[in-house]
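A.B. asks: Structure file data_37.txt (compact mmCIF, C-alpha atoms) right here:
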# COMPACT_ATOMS: atom_id res chain seq x y z
CA MET A 648 -72.28 -39.67 29.29
CA SER A 649 -70.36 -36.70 30.64
CA ILE A 650 -71.82 -33.59 32.25
CA GLU A 651 -69.85 -30.50 33.18
CA ILE A 652 -71.40 -27.59 35.10
CA SER A 653 -69.79 -24.38 36.27
CA ILE A 654 -70.63 -20.82 37.23
CA HIS A 655 -67.92 -18.23 36.63
CA ASP A 656 -67.26 -14.69 37.76
CA GLY A 657 -67.61 -12.25 34.89
CA PRO A 658 -67.94 -12.98 31.16
CA LEU A 659 -67.25 -16.45 29.82
CA SER A 660 -64.00 -17.05 27.98
CA PRO A 661 -63.86 -19.29 24.91
CA GLU A 662 -63.61 -22.98 25.72
CA PRO A 663 -60.04 -24.27 25.46
CA HIS A 664 -61.17 -27.80 24.66
CA PRO A 665 -63.93 -28.98 22.31
CA LEU A 666 -66.83 -30.90 23.77
CA CYS A 667 -66.88 -34.61 23.27
CA ALA A 668 -63.33 -34.89 21.96
CA GLY A 669 -62.61 -38.53 21.20
CA LYS A 670 -66.24 -39.63 21.22
CA SER A 671 -66.54 -41.14 17.81
CA GLU A 672 -70.23 -41.95 18.21
CA ALA A 673 -71.27 -38.28 18.23
CA GLY A 674 -72.88 -37.15 15.01
CA ALA A 675 -73.99 -33.73 16.24
CA VAL A 676 -72.41 -31.15 18.50
CA LEU A 677 -74.37 -28.00 19.21
CA ARG A 678 -73.26 -24.84 21.00
CA PHE A 679 -75.48 -21.99 22.15
CA GLU A 680 -74.05 -18.76 23.50
CA GLY A 681 -76.12 -16.15 25.26
CA VAL A 682 -74.64 -12.69 24.68
CA VAL A 683 -75.58 -9.48 26.47
CA ARG A 684 -77.73 -7.29 24.23
CA GLY A 685 -77.11 -3.55 24.23
CA ARG A 686 -80.73 -2.51 24.20
CA ASP A 687 -83.95 -3.31 25.98
CA GLY A 688 -86.67 -1.66 23.97
CA GLU A 689 -85.73 2.01 23.79
CA ARG A 690 -83.28 1.90 26.68
CA LEU A 691 -79.57 1.31 26.23
CA ILE A 692 -77.74 -1.22 28.37
CA ALA A 693 -74.08 -1.10 29.39
CA ALA A 694 -73.98 -4.49 31.10
CA LEU A 695 -75.99 -7.08 32.97
CA GLY A 696 -75.28 -8.01 36.55
CA TYR A 697 -75.99 -11.66 37.37
CA GLU A 698 -76.60 -13.08 40.80
CA SER A 699 -77.16 -16.71 41.66
CA TYR A 700 -78.32 -18.53 44.73
CA GLU A 701 -75.68 -21.11 45.52
CA PRO A 702 -75.45 -24.03 45.88
CA MET A 703 -78.97 -24.32 44.56
CA ALA A 704 -78.20 -22.81 41.15
CA SER A 705 -75.43 -25.32 40.43
CA ASP A 706 -77.48 -28.18 41.86
CA GLN A 707 -80.43 -27.26 39.67
CA LEU A 708 -78.24 -26.98 36.58
CA ARG A 709 -76.82 -30.43 37.26
CA ALA A 710 -80.18 -32.04 37.97
CA LEU A 711 -81.63 -30.48 34.85
CA SER A 712 -78.67 -31.63 32.76
CA GLU A 713 -79.00 -35.19 34.04
CA GLU A 714 -82.72 -35.26 33.36
CA ILE A 715 -82.42 -33.83 29.84
CA SER A 716 -79.47 -36.07 29.02
CA ALA A 717 -81.36 -39.19 30.04
CA LYS A 718 -84.52 -38.14 28.25
CA HIS A 719 -82.80 -37.40 24.93
CA GLY A 720 -80.01 -39.97 25.12
CA LEU A 721 -77.24 -37.39 24.92
CA LEU A 722 -73.54 -38.15 24.90
CA ALA A 723 -72.18 -35.03 26.59
CA MET A 724 -73.28 -31.68 28.03
CA ARG A 725 -71.31 -28.68 29.17
CA VAL A 726 -73.02 -25.75 30.92
CA ARG A 727 -71.35 -22.47 31.82
CA HIS A 728 -73.03 -19.46 33.35
CA SER A 729 -71.74 -16.11 34.53
CA ARG A 730 -72.29 -14.29 37.78
CA GLY A 731 -71.39 -10.68 38.38
CA ARG A 732 -70.98 -8.08 35.66
CA VAL A 733 -71.05 -9.00 31.98
CA ALA A 734 -70.72 -6.13 29.49
CA VAL A 735 -72.65 -5.75 26.24
CA GLY A 736 -71.38 -8.14 23.59
CA GLU A 737 -69.85 -10.53 26.09
CA CYS A 738 -70.97 -14.10 26.68
CA SER A 739 -72.89 -14.87 29.88
CA PHE A 740 -74.20 -18.36 29.15
CA ARG A 741 -72.93 -21.27 27.09
CA LEU A 742 -74.56 -24.63 26.55
CA GLU A 743 -72.90 -27.35 24.50
CA ILE A 744 -74.52 -30.65 23.71
CA ALA A 745 -73.27 -33.70 21.86
CA ALA A 746 -75.56 -36.45 20.62
CA LYS A 747 -75.68 -39.14 17.99
CA HIS A 748 -78.13 -37.21 15.86
CA ARG A 749 -79.21 -33.63 15.17
CA LYS A 750 -82.82 -33.97 16.28
CA GLU A 751 -82.22 -34.96 19.88
CA CYS A 752 -79.46 -32.36 20.10
CA LEU A 753 -81.77 -29.54 18.98
CA ALA A 754 -84.67 -30.71 21.13
CA ALA A 755 -82.46 -30.99 24.22
CA MET A 756 -81.02 -27.54 23.67
CA ASP A 757 -84.43 -25.91 23.46
CA GLU A 758 -85.82 -27.80 26.45
CA PHE A 759 -82.82 -27.11 28.64
CA ILE A 760 -82.92 -23.36 28.09
CA ASP A 761 -86.67 -23.17 28.68
CA ARG A 762 -86.36 -25.11 31.92
CA MET A 763 -83.33 -23.16 33.07
CA LYS A 764 -85.24 -19.91 32.67
CA ARG A 765 -87.95 -21.35 34.87
CA ASP A 766 -86.19 -23.40 37.53
CA VAL A 767 -82.61 -22.24 38.05
CA PRO A 768 -82.21 -19.45 40.63
CA ILE A 769 -80.20 -16.97 38.62
CA TRP A 770 -81.25 -13.36 38.13
CA LYS A 771 -79.98 -10.53 35.99
CA ARG A 772 -80.19 -6.81 36.53
CA PRO A 773 -79.56 -4.30 33.75
CA GLU A 774 -76.96 -1.60 34.12
CA TRP A 775 -78.35 1.23 32.04
CA THR A 776 -76.20 3.70 30.17
CA GLY A 777 -76.48 7.34 31.10
CA MET B 864 -101.34 -18.59 60.10
CA GLY B 865 -101.46 -14.87 60.01
CA ILE B 866 -99.14 -12.32 61.37
CA GLY B 867 -101.19 -12.25 64.50
CA HIS B 868 -99.73 -15.62 65.45
CA GLY B 869 -96.17 -14.68 64.99
CA GLY B 870 -93.82 -11.94 64.09
CA ILE B 871 -91.39 -10.88 61.47
CA LYS B 872 -88.30 -8.82 61.50
CA GLY B 873 -85.34 -8.36 59.27
CA GLU B 874 -82.49 -6.16 58.28
CA LEU B 875 -82.72 -3.14 56.10
CA PRO B 876 -79.22 -2.12 55.09
CA HIS B 877 -78.33 1.51 55.53
CA ARG B 878 -75.97 3.53 53.38
CA GLY B 879 -73.31 3.24 56.01
CA GLY B 880 -73.58 -0.52 56.17
CA LYS B 881 -75.36 -0.67 59.50
CA ALA B 882 -78.50 -2.63 59.84
CA SER B 883 -81.74 -1.65 61.46
CA LEU B 884 -84.88 -3.59 62.17
CA ARG B 885 -87.56 -3.73 59.60
CA GLY B 886 -91.08 -4.72 60.42
CA THR B 887 -91.73 -5.26 63.99
CA MET B 888 -93.54 -7.29 66.16
CA LEU B 889 -94.58 -10.27 68.09
CA LEU B 890 -98.25 -10.01 68.65
CA ASN B 891 -99.04 -12.99 70.81
CA GLY B 892 -96.06 -13.01 73.08
CA SER B 893 -95.19 -16.65 72.39
CA TYR B 894 -91.80 -15.96 70.88
CA ALA B 895 -90.09 -18.77 72.70
CA GLN B 896 -92.32 -21.44 71.11
CA GLY B 897 -91.85 -20.30 67.56
CA VAL B 898 -89.35 -21.32 64.94
CA ARG B 899 -87.05 -18.71 63.53
CA ILE B 900 -86.66 -18.83 59.77
CA THR B 901 -84.25 -16.87 57.61
CA VAL B 902 -85.76 -15.97 54.27
CA LEU B 903 -83.34 -14.98 51.53
CA LEU B 904 -84.51 -12.57 48.86
CA PHE B 905 -83.09 -12.19 45.37
CA GLY B 906 -83.64 -10.20 42.20
CA PRO B 907 -86.96 -8.35 41.96
CA GLU B 908 -88.05 -9.49 45.42
CA ARG B 909 -84.88 -8.12 46.99
CA ASP B 910 -85.41 -4.83 45.18
CA ALA B 911 -89.05 -4.65 46.22
CA ALA B 912 -88.38 -5.42 49.88
CA LYS B 913 -85.17 -3.37 49.95
CA THR B 914 -83.40 -6.03 51.97
CA PRO B 915 -81.50 -9.23 51.10
CA HIS B 916 -83.08 -11.25 53.88
CA VAL B 917 -85.68 -11.21 56.59
CA TRP B 918 -86.16 -13.28 59.69
CA VAL B 919 -89.54 -14.67 60.43
CA GLU B 920 -90.76 -16.16 63.68
CA LEU B 921 -93.59 -18.61 63.12
CA THR B 922 -95.45 -19.54 66.25
CA GLY B 923 -98.61 -21.16 64.91
CA GLU B 924 -98.56 -23.38 61.87
CA LYS B 925 -94.97 -23.86 60.79
CA THR B 926 -95.15 -24.44 57.07
CA CYS B 927 -94.23 -22.68 53.86
CA ALA B 928 -97.88 -21.69 53.50
CA ALA B 929 -97.79 -19.97 56.88
CA LEU B 930 -94.55 -18.27 55.94
CA ARG B 931 -96.10 -17.03 52.70
CA SER B 932 -99.02 -15.63 54.60
CA ALA B 933 -96.78 -13.94 57.18
CA LEU B 934 -94.60 -12.37 54.49
CA ARG B 935 -97.64 -11.17 52.57
CA GLN B 936 -98.94 -9.33 55.59
CA ALA B 937 -95.65 -8.00 56.84
CA ILE B 938 -94.12 -6.84 53.55
CA PRO B 939 -96.78 -5.38 51.27
CA GLU B 940 -94.16 -4.82 48.55
CA LEU B 941 -93.98 -8.61 48.10
CA GLN B 942 -97.70 -9.26 47.79
CA VAL B 943 -97.72 -9.58 44.01
CA SER B 944 -94.60 -11.76 43.91
CA LEU B 945 -95.95 -14.01 46.63
CA LEU B 946 -98.88 -15.00 44.42
CA THR B 947 -96.56 -17.06 42.19
CA ALA B 948 -93.14 -17.21 43.83
CA ARG B 949 -91.84 -20.55 45.10
CA PHE B 950 -89.95 -21.34 48.26
CA ALA B 951 -86.74 -23.30 48.40
CA VAL B 952 -86.01 -24.92 51.75
CA ASN B 953 -82.35 -25.65 52.34
CA ALA B 954 -81.69 -25.10 48.63
CA THR B 955 -84.46 -27.39 47.32
CA PHE B 956 -87.82 -26.31 45.93
CA ALA B 957 -90.53 -27.04 48.48
CA PRO B 958 -94.35 -27.17 48.34
CA ASP B 959 -96.40 -24.88 50.53
CA SER B 960 -97.31 -27.87 52.68
CA GLN B 961 -93.71 -28.45 53.73
CA ALA B 962 -93.02 -28.15 57.43
CA LEU B 963 -90.32 -25.73 58.55
CA CYS B 964 -87.85 -26.32 61.32
CA GLU B 965 -85.68 -24.07 63.43
CA GLY B 966 -82.66 -22.96 61.47
CA ASP B 967 -84.01 -23.79 58.03
CA GLU B 968 -82.70 -21.58 55.30
CA VAL B 969 -85.57 -20.55 53.09
CA ALA B 970 -85.23 -18.66 49.82
CA LEU B 971 -88.08 -16.91 48.10
CA ILE B 972 -87.67 -17.71 44.40
CA GLY B 973 -89.66 -15.38 42.21
CA MET B 974 -89.30 -15.13 38.47
CA VAL B 975 -85.77 -16.13 37.52
CA SER B 976 -83.92 -14.73 34.53
CA GLY B 977 -80.78 -16.70 33.82
CA GLY B 978 -79.27 -17.04 30.39
In structure tokens, how does this file's structure come out?
C.D. replies:
Amino acid sequence: MSIEISIHDGPLSPEPHPLCAGKSEAGAVLRFEGVVRGRDGERLIAALGYESYEPMASDQLRALSEEISAKHGLLAMRVRHSRGRVAVGECSFRLEIAAKHRKECLAAMDEFIDRMKRDVPIWKRPEWTG
Amino acid sequence: MGIGHGGIKGELPHRGGKASLRGTMLLNGSYAQGVRITVLLFGPERDAAKTPHVWVELTGEKTCAALRSALRQAIPELQVSLLTARFAVNATFAPDSQALCEGDEVALIGMVSGG
């Protein structure tokens, strides 16, 4: 089981290496990307500014990854999150999961994001246009 | 404990970068016996309090519950958040019953919004 966690300044770049390369037992690899939306209701957004409380944010992401991995029997997880300014259309969060089967992969993805939005000290603030 | 057993003060950043004291007071004069706690504020709580951190001197009960009570009385802007917000002590979530020691770093963790 491999777990990779990191928090980056600014928007996330594409991953140079695929998750779980060489792990022949993986039958499912799932990637979720959170992208900054340009609108919140009627108001237009130029960017989101993210702040995190470190080292707690990284520690919580790791603890959560370990718990979810053990619960669902995952093979690999990679978690990236932005801090600072991320413009509309850019990626601020990426979660990749590899597992033997689709069902545990999908369940783990959903559970991780729900828990992250509850227990990981990261906040975002909209930068409105105009 | 209430604010009457201790005091609270913190920094309120000015436009020019200088800090001034926010809040005030020590009401029972027992400053030397208290523990001094730094409380970090983030996100909506930072916006509401208009400061990134406050210092709290607890001189009666020295727990997260006492800290919550002191903050509620000293910073009315945080009253709603303090109904549900959690404390992290030295970067770990802590129950209200947790004892606080001199030098502890405490963060008030309201509603988070990562992702």
A.B. asks: Which residue gives the smallest distance to Gly906 of chain B among B:Ala928, B:Gly978, B:Ala937, B:Gly973, with all atoms listed in the file counted?
C.D. replies: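 Ranking B:Ala928, B:Gly978, B:Ala937, B:Gly973 by distance to Gly906 of chain B, first place goes to B:Gly973.
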A.B. asks: Determine, counting all atoms listed in the file, which protein, DNA and RNA residues have an atom within 10 Å of an atom of segment 673-688 of chain A; residues of the same chain fewer than 5 positions away are not included. Present the result as a PyMOL selection string.
C.D. replies: (chain A and resi 658-659+665-668+693-695+721-728+733-753+755-757+760+773+775-776) or (chain B and resi 977-978)
A.B. asks: Tell me as a ChimeraX atom specification which residues belonging to chain B come within 12 Å of chain A, counting all atoms listed in the file.
C.D. replies: /B:903-910,915,948-956,968-978
A.B. asks: Residues as selected, C-alpha atoms, written as a tab-separated table (two decimals), in the frame of the given file, can you do that?
C.D. replies:
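Result written to part27.tsv:
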chain	number	residue	atom	x	y	z
B	903	LEU	CA	-83.34	-14.98	51.53
B	904	LEU	CA	-84.51	-12.57	48.86
B	905	PHE	CA	-83.09	-12.19	45.37
B	906	GLY	CA	-83.64	-10.20	42.20
B	907	PRO	CA	-86.96	-8.35	41.96
B	908	GLU	CA	-88.05	-9.49	45.42
B	909	ARG	CA	-84.88	-8.12	46.99
B	910	ASP	CA	-85.41	-4.83	45.18
B	915	PRO	CA	-81.50	-9.23	51.10
B	948	ALA	CA	-93.14	-17.21	43.83
B	949	ARG	CA	-91.84	-20.55	45.10
B	950	PHE	CA	-89.95	-21.34	48.26
B	951	ALA	CA	-86.74	-23.30	48.40
B	952	VAL	CA	-86.01	-24.92	51.75
B	953	ASN	CA	-82.35	-25.65	52.34
B	954	ALA	CA	-81.69	-25.10	48.63
B	955	THR	CA	-84.46	-27.39	47.32
B	956	PHE	CA	-87.82	-26.31	45.93
B	968	GLU	CA	-82.70	-21.58	55.30
B	969	VAL	CA	-85.57	-20.55	53.09
B	970	ALA	CA	-85.23	-18.66	49.82
B	971	LEU	CA	-88.08	-16.91	48.10
B	972	ILE	CA	-87.67	-17.71	44.40
B	973	GLY	CA	-89.66	-15.38	42.21
B	974	MET	CA	-89.30	-15.13	38.47
B	975	VAL	CA	-85.77	-16.13	37.52
B	976	SER	CA	-83.92	-14.73	34.53
B	977	GLY	CA	-80.78	-16.70	33.82
B	978	GLY	CA	-79.27	-17.04	30.39
A.B. asks: To one decimal place, how far is atom CA of Glu713 of chain A from atom CA of Ile650 of chain A in Å?
C.D. replies: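 Computing it gives 7.6 Å between the two atoms.
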A.B. asks: When distances are computed from all atoms listed in the file, which of A:Glu689, A:Ile654, A:Gly696, A:Glu672 shows the smallest separation from Arg732 of chain A?
C.D. replies: A:Gly696
